[in-house]
$ cat structure-v5.cif   # mmCIF, C-alpha atoms
data_my_file
loop_
_atom_site.label_atom_id
_atom_site.label_comp_id
_atom_site.auth_asym_id
_atom_site.auth_seq_id
_atom_site.Cartn_x
_atom_site.Cartn_y
_atom_site.Cartn_z
CA MET H 99 42.46 12.42 -14.92
CA THR H 100 40.32 15.18 -13.53
CA ASP H 101 38.71 15.44 -10.16
CA GLU H 102 35.01 16.13 -10.17
CA THR H 103 33.99 18.81 -7.74
CA ASN H 104 30.51 19.25 -6.34
CA MET H 105 29.63 22.92 -6.63
CA ASN H 106 26.23 22.51 -4.94
CA THR H 107 25.70 24.05 -1.55
CA PRO H 108 24.48 21.70 1.21
CA GLU H 109 21.00 23.22 0.92
CA GLU H 110 20.87 22.55 -2.83
CA SER H 111 22.14 19.00 -2.33
CA GLY H 112 19.47 18.44 0.31
CA LEU H 113 16.78 19.76 -2.00
CA ASP H 114 18.06 17.50 -4.78
CA VAL H 115 17.78 14.50 -2.47
CA PHE H 116 14.21 15.46 -1.53
CA GLN H 117 13.30 16.03 -5.18
CA ASP H 118 14.69 12.60 -6.11
CA THR H 119 12.80 11.05 -3.20
CA MET H 120 9.54 12.70 -4.27
CA GLU H 121 10.04 11.56 -7.87
CA GLU H 122 10.63 8.00 -6.67
CA PHE H 123 7.57 8.27 -4.44
CA LEU H 124 5.35 9.49 -7.28
CA ALA H 125 6.69 6.68 -9.49
CA ALA H 126 4.93 4.26 -7.12
CA ALA H 127 1.65 5.30 -8.77
CA ASP H 128 2.77 3.99 -12.15
CA VAL H 129 1.10 0.98 -13.78
CA ARG H 130 4.48 -0.69 -14.35
CA VAL H 131 5.02 -0.88 -10.58
CA VAL H 132 1.94 -3.08 -10.14
CA TYR H 133 2.36 -5.24 -13.24
CA GLY H 134 5.82 -6.81 -13.32
CA GLU H 135 8.00 -7.65 -16.28
CA PRO H 136 6.25 -10.27 -18.43
CA ILE H 137 7.90 -13.70 -18.36
CA ALA H 138 7.73 -15.47 -21.71
CA HIS H 139 7.55 -19.26 -21.77
CA ASP H 140 7.01 -20.71 -25.26
CA ASP H 141 3.79 -19.01 -26.45
CA THR H 142 2.66 -18.19 -22.93
CA LEU H 143 3.20 -14.87 -21.24
CA ILE H 144 3.13 -14.71 -17.44
CA ILE H 145 2.62 -11.30 -15.81
CA PRO H 146 2.95 -11.07 -12.03
CA THR H 147 0.82 -8.43 -10.31
CA ALA H 148 1.38 -6.88 -6.90
CA GLU H 149 -0.18 -4.33 -4.62
CA VAL H 150 2.14 -1.48 -3.68
CA LEU H 151 1.72 0.79 -0.67
CA CYS H 152 4.18 3.64 -0.39
CA GLY H 153 4.37 6.29 2.29
CA VAL H 154 6.86 9.09 2.66
CA GLY H 155 7.31 12.15 4.83
CA PHE H 156 10.04 14.73 5.24
CA GLY H 157 10.76 18.14 6.60
CA VAL H 158 13.32 20.86 6.03
CA GLY H 159 14.21 23.88 8.04
CA SER H 160 16.70 26.68 8.21
CA GLY H 161 17.51 29.49 10.57
CA SER H 162 19.95 32.21 11.44
CA GLY H 163 20.89 34.12 14.53
CA THR H 164 23.14 36.76 16.03
CA SER H 165 25.00 36.35 19.29
CA THR H 166 26.45 39.15 21.41
CA GLU H 167 27.42 36.96 24.38
CA GLN H 168 31.17 36.78 23.72
CA ASN H 169 31.69 40.27 22.38
CA PRO H 170 28.85 42.79 22.67
CA GLU H 171 30.64 45.19 20.38
CA LYS H 172 31.20 42.65 17.65
CA PRO H 173 28.13 40.41 17.30
CA MET H 174 28.62 36.98 15.77
CA GLN H 175 26.26 35.73 13.10
CA GLY H 176 25.43 32.17 12.19
CA ALA H 177 23.06 30.28 9.98
CA GLY H 178 22.18 26.68 9.41
CA SER H 179 19.76 24.37 7.75
CA GLY H 180 18.71 20.78 8.12
CA GLY H 181 16.22 18.24 7.08
CA GLY H 182 15.08 14.73 7.60
CA GLY H 183 12.61 12.25 6.34
CA GLY H 184 11.55 8.69 6.10
CA GLY H 185 9.44 6.39 4.07
CA ARG H 186 8.41 2.84 3.48
CA ILE H 187 7.28 0.75 0.54
CA LEU H 188 5.22 -2.37 1.07
CA SER H 189 4.61 -4.77 -1.75
CA ARG H 190 2.47 -7.91 -1.81
CA PRO H 191 1.74 -10.30 -4.69
CA VAL H 192 -1.94 -10.35 -5.66
CA ALA H 193 -2.33 -12.45 -8.79
CA VAL H 194 -0.64 -13.80 -11.89
CA VAL H 195 -1.97 -13.11 -15.37
CA VAL H 196 -1.42 -16.04 -17.73
CA ALA H 197 -1.82 -15.10 -21.39
CA SER H 198 -1.51 -17.76 -24.06
CA PRO H 199 -2.87 -18.09 -27.61
CA GLU H 200 -5.71 -20.20 -26.10
CA GLY H 201 -6.86 -17.40 -23.80
CA VAL H 202 -6.12 -15.07 -20.93
CA ARG H 203 -6.80 -15.97 -17.30
CA VAL H 204 -6.06 -14.46 -13.90
CA GLU H 205 -4.74 -16.82 -11.23
CA PRO H 206 -4.98 -15.42 -7.69
CA VAL H 207 -2.02 -15.62 -5.30
CA VAL H 208 -3.28 -16.80 -1.92
CA ASP H 209 -1.14 -15.95 1.12
CA VAL H 210 -1.90 -18.96 3.35
CA THR H 211 0.27 -17.70 6.22
CA LYS H 212 -1.57 -14.39 6.39
CA ILE H 213 -4.97 -16.10 6.19
CA GLY H 214 -3.92 -18.60 8.90
CA LEU H 215 -2.82 -15.79 11.20
CA ALA H 216 -6.08 -13.90 10.59
CA ALA H 217 -8.09 -17.08 11.30
CA LEU H 218 -6.19 -17.68 14.55
CA THR H 219 -6.80 -14.05 15.57
CA ALA H 220 -10.53 -14.28 14.80
CA VAL H 221 -10.91 -17.62 16.65
CA GLY H 222 -8.85 -16.29 19.58
CA PHE H 223 -11.07 -13.20 19.75
CA MET H 224 -14.25 -15.30 19.80
CA VAL H 225 -12.91 -17.80 22.36
CA GLY H 226 -11.73 -14.91 24.54
CA MET H 227 -15.14 -13.29 24.37
CA MET H 228 -16.89 -16.58 25.27
CA PHE H 229 -14.51 -17.14 28.18
CA ARG H 230 -15.07 -13.58 29.44
CA MET H 231 -18.84 -13.97 29.27
CA SER H 232 -18.87 -17.35 31.03
CA SER H 233 -16.55 -16.09 33.80
CA ARG H 234 -18.74 -12.99 34.26
CA ARG H 235 -21.79 -15.24 34.63
CA HIS H 236 -20.04 -17.39 37.27
CA ALA H 237 -18.96 -14.28 39.13
CA LEU H 238 -22.56 -13.10 39.67
CA PRO H 239 -23.38 -12.65 43.39
CA THR H 240 -25.68 -15.27 44.93
CA THR H 241 -28.68 -14.17 46.95
CA ASP H 242 -29.14 -15.83 50.36
CA GLU H 243 -32.70 -15.95 51.65
CA MET J 48 -4.42 20.48 -4.37
CA THR J 49 -6.90 17.86 -3.16
CA ALA J 50 -5.94 15.72 -0.21
CA ILE J 51 -7.34 12.46 -1.54
CA GLN J 52 -7.17 11.48 -5.18
CA ARG J 53 -8.56 8.30 -6.71
CA GLU J 54 -7.82 7.36 -10.26
CA ILE J 55 -7.75 4.42 -12.62
CA ARG J 56 -4.65 4.15 -14.76
CA THR J 57 -4.21 2.18 -17.94
CA GLY J 58 -0.87 0.75 -19.00
CA GLU J 59 0.62 -0.15 -22.35
CA SER J 60 -1.06 -2.90 -24.36
CA MET J 61 0.70 -6.18 -25.09
CA LYS J 62 0.06 -8.59 -27.92
CA VAL J 63 -0.15 -12.31 -27.13
CA GLY J 64 -1.25 -14.47 -30.06
CA ASP J 65 -4.57 -13.08 -31.27
CA PHE J 66 -5.15 -11.23 -28.01
CA GLU J 67 -4.26 -7.73 -27.01
CA ILE J 68 -4.09 -7.26 -23.25
CA THR J 69 -4.11 -3.94 -21.43
CA PRO J 70 -3.45 -3.69 -17.69
CA GLN J 71 -5.41 -1.34 -15.45
CA THR J 72 -4.59 -0.21 -11.93
CA ARG J 73 -6.47 1.60 -9.20
CA VAL J 74 -4.46 4.32 -7.47
CA LEU J 75 -5.27 6.09 -4.22
CA LYS J 76 -3.12 9.11 -3.38
CA ILE J 77 -3.32 10.84 -0.04
CA GLN J 78 -1.41 14.05 0.48
CA LEU J 79 -2.16 16.39 3.31
CA PRO J 80 -2.16 20.00 2.09
CA GLY J 81 0.73 21.99 3.49
CA SER J 82 2.64 18.97 4.73
CA HIS J 83 5.54 17.12 3.17
CA ALA J 84 3.98 13.71 3.57
CA GLY J 85 2.02 11.43 1.35
CA LEU J 86 0.77 7.94 0.75
CA ILE J 87 0.20 6.06 -2.49
CA TRP J 88 -1.76 2.81 -2.67
CA ASN J 89 -1.48 1.22 -6.07
CA ARG J 90 -3.19 -2.09 -6.82
CA PRO J 91 -4.19 -4.05 -9.89
CA LYS J 92 -7.77 -3.54 -11.06
CA ALA J 93 -8.34 -5.51 -14.21
CA MET J 94 -6.92 -6.81 -17.43
CA ILE J 95 -8.71 -5.70 -20.58
CA VAL J 96 -8.60 -8.38 -23.26
CA ARG J 97 -9.32 -7.52 -26.88
CA THR J 98 -9.63 -10.34 -29.40
CA ALA J 99 -8.71 -10.21 -33.09
CA ASP J 100 -12.38 -9.80 -34.07
CA GLY J 101 -12.66 -6.71 -31.87
CA GLN J 102 -14.46 -8.24 -28.91
CA LYS J 103 -13.52 -6.64 -25.64
CA SER J 104 -13.75 -8.25 -22.21
CA THR J 105 -12.54 -7.25 -18.79
CA LEU J 106 -10.93 -9.75 -16.44
CA PRO J 107 -11.00 -8.40 -12.87
CA VAL J 108 -7.93 -9.02 -10.73
CA ARG J 109 -9.30 -10.09 -7.37
CA ASP J 110 -7.23 -10.00 -4.20
CA VAL J 111 -8.37 -13.31 -2.70
CA THR J 112 -6.18 -12.96 0.40
CA ARG J 113 -7.77 -9.61 1.30
CA ILE J 114 -11.31 -10.86 0.63
CA VAL J 115 -10.75 -13.90 2.89
CA ILE J 116 -9.16 -11.83 5.68
CA TRP J 117 -11.98 -9.23 5.65
CA GLY J 118 -14.50 -12.09 5.54
CA MET J 119 -12.91 -13.63 8.62
CA LEU J 120 -12.91 -10.30 10.42
CA ALA J 121 -16.60 -9.80 9.59
CA GLY J 122 -17.36 -13.41 10.62
CA GLY J 123 -15.48 -12.99 13.89
CA LEU J 124 -17.33 -9.78 14.73
CA LEU J 125 -20.67 -11.31 13.76
CA GLY J 126 -19.87 -14.41 15.82
CA ALA J 127 -18.93 -12.28 18.82
CA ILE J 128 -22.18 -10.30 18.53
CA LEU J 129 -24.22 -13.54 18.23
CA ILE J 130 -22.48 -15.05 21.27
CA GLY J 131 -23.22 -11.86 23.18
CA LEU J 132 -26.90 -11.93 22.20
CA MET J 133 -27.24 -15.65 23.02
CA ASN J 134 -25.57 -15.12 26.36
CA ARG J 135 -27.94 -12.25 27.17
CA ASN J 136 -31.04 -14.33 26.34
CA THR J 137 -30.06 -17.36 28.47
#

$ encode --input "structure-v5.cif" --output "structure tokens"
Amino acid sequence: MTDETNMNTPEESGLDVFQDTMEEFLAAADVRVVYGEPIAHDDTLIIPTAEVLCGVGFGVGSGSGTSTEQNPEKPMQGAGSGGGGGGRILSRPVAVVVASPEGVRVEPVVDVTKIGLAALTAVGFMVGMMFRMSSRRHALPTTDE
Amino acid sequence: MTAIQREIRTGESMKVGDFEITPQTRVLKIQLPGSHAGLIWNRPKAMIVRTADGQKSTLPVRDVTRIVIWGMLAGGLLGAILIGLMNRNT
């Protein structure tokens, strides 16, 4: 049994991680990400489709310095590097492609919860606006003759 | 390197019965020059169907949820504007 040793410096390892992250990020633009694995059922093939939104950001930095605080005759040198990043992938089903020997059709996937929330927001916005306008009208100053 | 890239990508064709289907996607890439940040928006565009006799048709993949939500937003804004105009006239 042999022990594997990592000969990479921390900077190289960090760069490898960033390179892998960038490759994974660019893979989000592939067609296979949007169209899922086809599901075969008898003669029918079902292909799920999804919308993918992927965002990523990172930064790296390095620096070095010399200190003469402890011993002015013998300056101390130091160097360091660091990096950080973050990202997020959002995926949402859009439709299902049903392909059979009779024909090919696209069945949409409707997110009722999302639509309901959007409807409530729109209605709430309109009711709020009506309420604001009616209260502004009632708040108008009356003129005494 | 351009900051915003739009492209249409075509995937591998699949054979189902007498049909050959080819998926297409619409990709939007945003990368700010000089920064280590980017965004990719990948969504289905259409399915190209080719029959055994060579006829080609395109089936668009429509995002019904998005269409409905944007429709509601537009309706809400339009409704708010109409209420405002009606309120001003009375």

$ atom_distance --input "structure-v5.cif" --atom1 "atom CA of Gly161 of chain H" --atom2 "atom CA of Thr119 of chain H"
23.5 Å

$ resolve_selection --input "structure-v5.cif" --expression "the PyMOL selection byres ((chain H) within 7 of (chain J))" --output "count of residues only"
30

$ atom_distance --input "structure-v5.cif" --atom1 "atom CA of Val195 of chain H" --atom2 "atom CA of Ile137 of chain H"
10.3 Å

$ atom_distance --input "structure-v5.cif" --atom1 "atom CA of Val221 of chain H" --atom2 "atom CA of Met133 of chain J"
17.6 Å

$ closest_residue --input "structure-v5.cif" --among "H:Ser179, H:Ala125, H:Tyr133, H:Asp118" --to "Val158 of chain H" --atoms "all atoms listed in the file"
H:Ser179

$ closest_residue --input "structure-v5.cif" --among "H:Ile145, H:Phe223, H:Phe123, H:Ala177" --to "Arg203 of chain H" --atoms "all atoms listed in the file"
H:Ile145

$ axis_aligned_box --input "structure-v5.cif" --around "segment 135-149 of chain H" --padding-each-side "4 Å" --output "JSON"
{"center_x": 3.9, "center_y": -12.5, "center_z": -15.5, "size_x": 16.2, "size_y": 24.4, "size_z": 29.8}

$ residues_around --input "structure-v5.cif" --residues "Thr164 of chain H" --least-positions-apart "6" --cutoff "8 Å" --atoms "only C-alpha atoms" --output "VMD selection string"
chain H and resid 173 to 176

$ resolve_selection --input "structure-v5.cif" --expression "the PyMOL selection byres ((chain H and resi 142) around 7)" --output "list in words"
Ala138, His139, Asp140, Asp141, Leu143, Ile144, Val196, Ala197 and Ser198 of chain H

$ write_last_selection --input "structure-v5.cif" --atoms "C-alpha atoms" --output "PDB file, keeping the file's coordinate frame"
ATOM      1  CA  ALA H 138       7.730 -15.470 -21.710  1.00  0.00           C
ATOM      2  CA  HIS H 139       7.550 -19.260 -21.770  1.00  0.00           C
ATOM      3  CA  ASP H 140       7.010 -20.710 -25.260  1.00  0.00           C
ATOM      4  CA  ASP H 141       3.790 -19.010 -26.450  1.00  0.00           C
ATOM      5  CA  LEU H 143       3.200 -14.870 -21.240  1.00  0.00           C
ATOM      6  CA  ILE H 144       3.130 -14.710 -17.440  1.00  0.00           C
ATOM      7  CA  VAL H 196      -1.420 -16.040 -17.730  1.00  0.00           C
ATOM      8  CA  ALA H 197      -1.820 -15.100 -21.390  1.00  0.00           C
ATOM      9  CA  SER H 198      -1.510 -17.760 -24.060  1.00  0.00           C
TER      10      SER H 198
END
